[in-house]
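Beneath this line is the structure, given in structure tokens, with notes to follow.
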Protein chains: 2
Amino acid sequence: MEMKRIRLTVAYDGTAYCGWQIQPNGITIEEVLNRELSGLTGEKTRVTGASRTDAGVHAMGNIAVFDSETTIPPERVAHALNCRLPEDIAVVKSEEVPGEWHPRREKSVKTYVYRILNREMPDPVRRLTTYHVSFPLDLAKMQEAAGYLKGEHDFKSFCNVRTEVEDTVRTVYDLDVARKEDVITIRIRGNGFLYNMVRIIAGTLLDAGRGAYSPDRVKEILELRNRAAAGATAPPQGLMLMEISYADRGNAGFAGKGDSEK
Amino acid sequence: MEMKRIRLTVAYDGTAYCGWQIQPNGITIEEVLNRELSGLTGEKTRVTGASRTDAGVHAMGNIAVFDSETTIPPERVAHALNCRLPEDIAVVKSEEVPGEWHPRREKSVKTYVYRILNREMPDPVRRLTTYHVSFPLDLAKMQEAAGYLKGEHDFKSFCNVRTEVEDTVRTVYDLDVARKEDVITIRIRGNGFLYNMVRIIAGTLLDAGRGAYSPDRVKEILELRNRAAAGATAPPQGLMLMEISYADRGNAGFAGKGDSEK
């Protein structure tokens with residue numbers, strides 16, 4: 001039998017999980033995928049994921065690969081796996097990739113969205129997919145603050161102090177802040193994100209939006225290279241990993257970078 | 001102490017509840033409101049609701065009233081109650097109304113939305129707020145079918161056979177079907193809805209959309225006055241009670257009717 005590497009595009013509601021990565025304290029997305037893939041293939045199958053999202057964070061398109069001698073056609077794995085997976089995890093695409101293809105080593109562009117429900121009263125239906133902020137937010141100030149974060153910067157101030165990578169320089173291609181009715185959406189595209197980077201950016205833009213400091217303070221926060229200078233880490237349920245683009249998926253010409261976003 | 005009647009606008013995620021109305025088999029929205037209101041007022045407080053939504057159905061603006069001698073200012077009841085309520089129920093507004101005001105006897109216009117996720121693969125994050133339909137739907141046919149349901153009709157074919165009311169004539173003011181990306185939204189406004197009426201309309205429009213019959217078949221379904229002629233009752237999680245408008249809330253000039261939508 002021939003060993004194949006199969007790539008999965010994975011969507012999940014992160015509410016019930018202790019994040020992506022296997023850990024002793026609770027059930028994770030990775031663990032459930034390994035269990036159901038092993039059941040499907042009859043092998044001891046292990047996935048390697050692109051983004052180790054944190055507990056409560058959602059995904060429309062996280063990426064994982066696994067190696068298997070399964071005779072199930074690669075593009076049919078998604079359907080076969082969805083029949084076994086719990087309803088809060090779904091594989092939306094499966095396809096064969098070259099045996100050396102690796103979801104974290106290949107260059108990629110990731111798109112995350114952070115959603116803020118900005119109105120006085122809470123909304124129970126959206127409580128698990130938005131961060132409820134009841135005080136007024138100045139959209140123009142958030143947009144101005146966001147402008148200073150676009151481009152290549154050292155994001156040392158915008159990552160968890162437990163970040164283990166040495167090089168904290170990343171490139172943010174787009175960082176849009178828009179309001180539609182009672183939801184403010186922060187959409188960020190970049191070549192790699194540090195641990196908690198999107199949630200710390202969201203927390204910092206929130207500080208600018210509520211007038212805690214002037215938007216151009218963000219320039220100083222970048223220069224300080226100190227986590228304590230930036231805003232709080234916004235809560236996980238507002239964060240969604242939308243998409244990870246790779247060169248072989250029609251996104252050539254960009255410079256990917258190592259990623260440890262959680 | 002003076003007895004007051006207080007009106008609540010209630011939002012909830014219906015996922016965990018056996019619907020609005022108190023019943024022996026499980027916890028309901030009404031029961032939780034009664035429990036927390038009684039705790040707040042120190043009285044044996046009982047709410048009367050406008051719409052007895054079914055298990056799994058959501059609301060942005062259901063309406064309920066209760067009578068109390070509480071000294072809490074009526075407009076503060078919402079905040080005080082939200083501190084006690086579970087996160088999947090929230091009171092978004094509270095206000096005093098006349099002592100004889102009744103949420104089901106007053107004329108009203110109700111707006112419901114039914115959401116269909118129309119794409120091949122499921123989406124875990126939206127699984128509890130949409131109905132996933134993986135086959136293609138013809139939007140124009142759904143819109144044409146919807147057109148025959150607008151206006152005053154006998155909706156006998158579009159209500160649960162256990163409907164107890166005699167008069168099944170209702171007026172649908174608006175019935176819009178629109179697609180945005182992968183979601184088809186059915187928005188319906190009317191002076192009253194029969195038991196399961198919106199979900200049976202959604203199921204019937206789905207039949208027209210997938211080509212099970214020609215859109216003008218809906219005219220015959222109305223004439224047959226037979227539940228079996230219409231489509232299946234679409235599942236509850238796609239349904240959301242958006243708003244109930246009353247004359248005193250700036251919606252005078254409409255003709256309300258009794259309502260038993262679930």
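Residue names in the structure tokens use chain letters A, B, ... in the order shown, residue numbers from 1 in each chain, and ligand numbers from 1 in the order shown.
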For this session: Please return, as a count of residues only, all residues of chain B lying within 10 Å of chain A when only C-alpha atoms are considered.
Result: 31
Exercise. Within 8 Å of stretch 216-230 of chain B, counting only C-alpha atoms, which residues qualify if same-chain residues fewer than 4 places away don't, as a PyMOL selection string?
Worked result: chain B and resi 144-145+148-149+153-161+200-201+203-204
Secondary structure check, strand (DSSP E) residues of stretch 107-179 of chain B, as a PDB file with C-alpha atoms, in the first residue's frame:
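Generated output (part12.pdb):
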ATOM      1  CA  SER B 108     -48.907  43.185  17.294  1.00  0.00           C
ATOM      2  CA  VAL B 109     -46.704  42.663  14.280  1.00  0.00           C
ATOM      3  CA  LYS B 110     -44.130  39.915  14.613  1.00  0.00           C
ATOM      4  CA  THR B 111     -40.965  39.501  12.618  1.00  0.00           C
ATOM      5  CA  TYR B 112     -39.298  36.109  12.318  1.00  0.00           C
ATOM      6  CA  VAL B 113     -36.171  35.140  10.422  1.00  0.00           C
ATOM      7  CA  TYR B 114     -35.362  31.633   9.188  1.00  0.00           C
ATOM      8  CA  ARG B 115     -31.748  31.033   8.137  1.00  0.00           C
ATOM      9  CA  ILE B 116     -30.551  28.308   5.779  1.00  0.00           C
ATOM     10  CA  LEU B 117     -26.840  27.563   5.407  1.00  0.00           C
ATOM     11  CA  ASN B 118     -26.720  26.562   1.759  1.00  0.00           C
ATOM     12  CA  TYR B 131     -30.369  24.838   8.949  1.00  0.00           C
ATOM     13  CA  HIS B 132     -27.706  23.248   6.775  1.00  0.00           C
ATOM     14  CA  VAL B 133     -28.958  22.359   3.289  1.00  0.00           C
ATOM     15  CA  GLY B 151     -51.284  38.979   2.113  1.00  0.00           C
ATOM     16  CA  GLU B 152     -54.307  37.613   3.953  1.00  0.00           C
ATOM     17  CA  HIS B 153     -54.801  33.854   3.586  1.00  0.00           C
ATOM     18  CA  ASP B 154     -56.166  30.878   5.422  1.00  0.00           C
ATOM     19  CA  VAL B 169     -56.639  33.222   8.653  1.00  0.00           C
ATOM     20  CA  ARG B 170     -53.558  35.400   9.082  1.00  0.00           C
ATOM     21  CA  THR B 171     -51.965  38.288   7.207  1.00  0.00           C
ATOM     22  CA  VAL B 172     -48.360  38.156   6.044  1.00  0.00           C
ATOM     23  CA  TYR B 173     -47.183  41.714   5.409  1.00  0.00           C
ATOM     24  CA  ASP B 174     -43.737  40.854   4.103  1.00  0.00           C
ATOM     25  CA  LEU B 175     -42.018  37.649   3.114  1.00  0.00           C
ATOM     26  CA  ASP B 176     -38.552  38.225   1.714  1.00  0.00           C
ATOM     27  CA  VAL B 177     -36.076  35.590   0.631  1.00  0.00           C
ATOM     28  CA  ALA B 178     -32.500  36.776   0.099  1.00  0.00           C
ATOM     29  CA  ARG B 179     -29.098  35.159  -0.277  1.00  0.00           C
TER      30      ARG B 179
END
Exercise. Which residues in stretch 83-241 of chain B does DSSP call helix (DSSP H, G or I)? List them as a VMD selection string.
Worked result: chain B and resid 124 to 126 139 to 147 156 to 158 197 to 209 217 to 224 227 to 229 236 to 238
So that I have them on file, write out the residues from the current selection with C-alpha atoms, as a PDB file, in the first residue's frame.
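Final file, out-v2.pdb:
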ATOM      1  CA  PRO B 124     -19.757  23.935  13.060  1.00  0.00           C
ATOM      2  CA  VAL B 125     -19.851  27.558  14.245  1.00  0.00           C
ATOM      3  CA  ARG B 126     -23.264  28.172  12.661  1.00  0.00           C
ATOM      4  CA  LEU B 139     -33.426  31.504  -5.001  1.00  0.00           C
ATOM      5  CA  ALA B 140     -35.735  32.889  -7.707  1.00  0.00           C
ATOM      6  CA  LYS B 141     -38.118  29.938  -7.275  1.00  0.00           C
ATOM      7  CA  MET B 142     -38.149  30.400  -3.522  1.00  0.00           C
ATOM      8  CA  GLN B 143     -38.925  34.087  -4.005  1.00  0.00           C
ATOM      9  CA  GLU B 144     -41.722  33.317  -6.447  1.00  0.00           C
ATOM     10  CA  ALA B 145     -43.228  30.746  -4.075  1.00  0.00           C
ATOM     11  CA  ALA B 146     -42.979  33.263  -1.211  1.00  0.00           C
ATOM     12  CA  GLY B 147     -44.953  35.779  -3.251  1.00  0.00           C
ATOM     13  CA  LYS B 156     -54.593  25.961   7.572  1.00  0.00           C
ATOM     14  CA  SER B 157     -52.109  24.011   5.407  1.00  0.00           C
ATOM     15  CA  PHE B 158     -49.232  25.789   7.131  1.00  0.00           C
ATOM     16  CA  MET B 197     -46.293  28.277  10.650  1.00  0.00           C
ATOM     17  CA  VAL B 198     -42.913  29.901   9.948  1.00  0.00           C
ATOM     18  CA  ARG B 199     -41.073  26.577   9.974  1.00  0.00           C
ATOM     19  CA  ILE B 200     -43.635  24.978   7.622  1.00  0.00           C
ATOM     20  CA  ILE B 201     -43.376  27.985   5.291  1.00  0.00           C
ATOM     21  CA  ALA B 202     -39.575  27.577   5.364  1.00  0.00           C
ATOM     22  CA  GLY B 203     -39.914  23.845   4.581  1.00  0.00           C
ATOM     23  CA  THR B 204     -42.281  24.601   1.708  1.00  0.00           C
ATOM     24  CA  LEU B 205     -40.032  27.295   0.225  1.00  0.00           C
ATOM     25  CA  LEU B 206     -37.161  24.797   0.454  1.00  0.00           C
ATOM     26  CA  ASP B 207     -39.221  22.318  -1.590  1.00  0.00           C
ATOM     27  CA  ALA B 208     -39.819  24.966  -4.235  1.00  0.00           C
ATOM     28  CA  GLY B 209     -36.116  25.918  -4.167  1.00  0.00           C
ATOM     29  CA  ARG B 217     -48.035  24.953  -6.413  1.00  0.00           C
ATOM     30  CA  VAL B 218     -48.058  27.107  -3.244  1.00  0.00           C
ATOM     31  CA  LYS B 219     -51.408  28.590  -4.379  1.00  0.00           C
ATOM     32  CA  GLU B 220     -52.911  25.091  -4.418  1.00  0.00           C
ATOM     33  CA  ILE B 221     -51.360  24.215  -1.068  1.00  0.00           C
ATOM     34  CA  LEU B 222     -53.129  27.230   0.440  1.00  0.00           C
ATOM     35  CA  GLU B 223     -56.446  26.229  -1.139  1.00  0.00           C
ATOM     36  CA  LEU B 224     -56.217  22.606   0.026  1.00  0.00           C
ATOM     37  CA  ARG B 227     -51.189  20.273   6.474  1.00  0.00           C
ATOM     38  CA  ALA B 228     -50.079  17.242   4.450  1.00  0.00           C
ATOM     39  CA  ALA B 229     -50.010  19.329   1.263  1.00  0.00           C
ATOM     40  CA  PRO B 236     -35.998  24.757  14.953  1.00  0.00           C
ATOM     41  CA  GLN B 237     -32.416  26.029  15.146  1.00  0.00           C
ATOM     42  CA  GLY B 238     -32.806  28.087  11.939  1.00  0.00           C
TER      43      GLY B 238
END
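With distances restricted to only C-alpha atoms, B:Gly211 is the closest residue to B:Leu137 from B:Gly19, B:Gly211, B:Pro103, B:Pro98.
Nearest residue to A:Glu31, choosing from A:Glu43, A:Met1, A:Leu85, A:Leu239 and counting only C-alpha atoms: A:Leu85.
Counting from atom CA of A:Thr168, the distance to atom CA of A:Pro24 is 28.4 Å.
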For this session: Calculate how many Å separate atom CA of A:Arg7 from atom CA of A:Leu241, rounding to one decimal.
Result: 16.9 Å
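For the pair atom CA of A:Phe193 and atom CA of A:Ile244, the separation is 11.7 Å.
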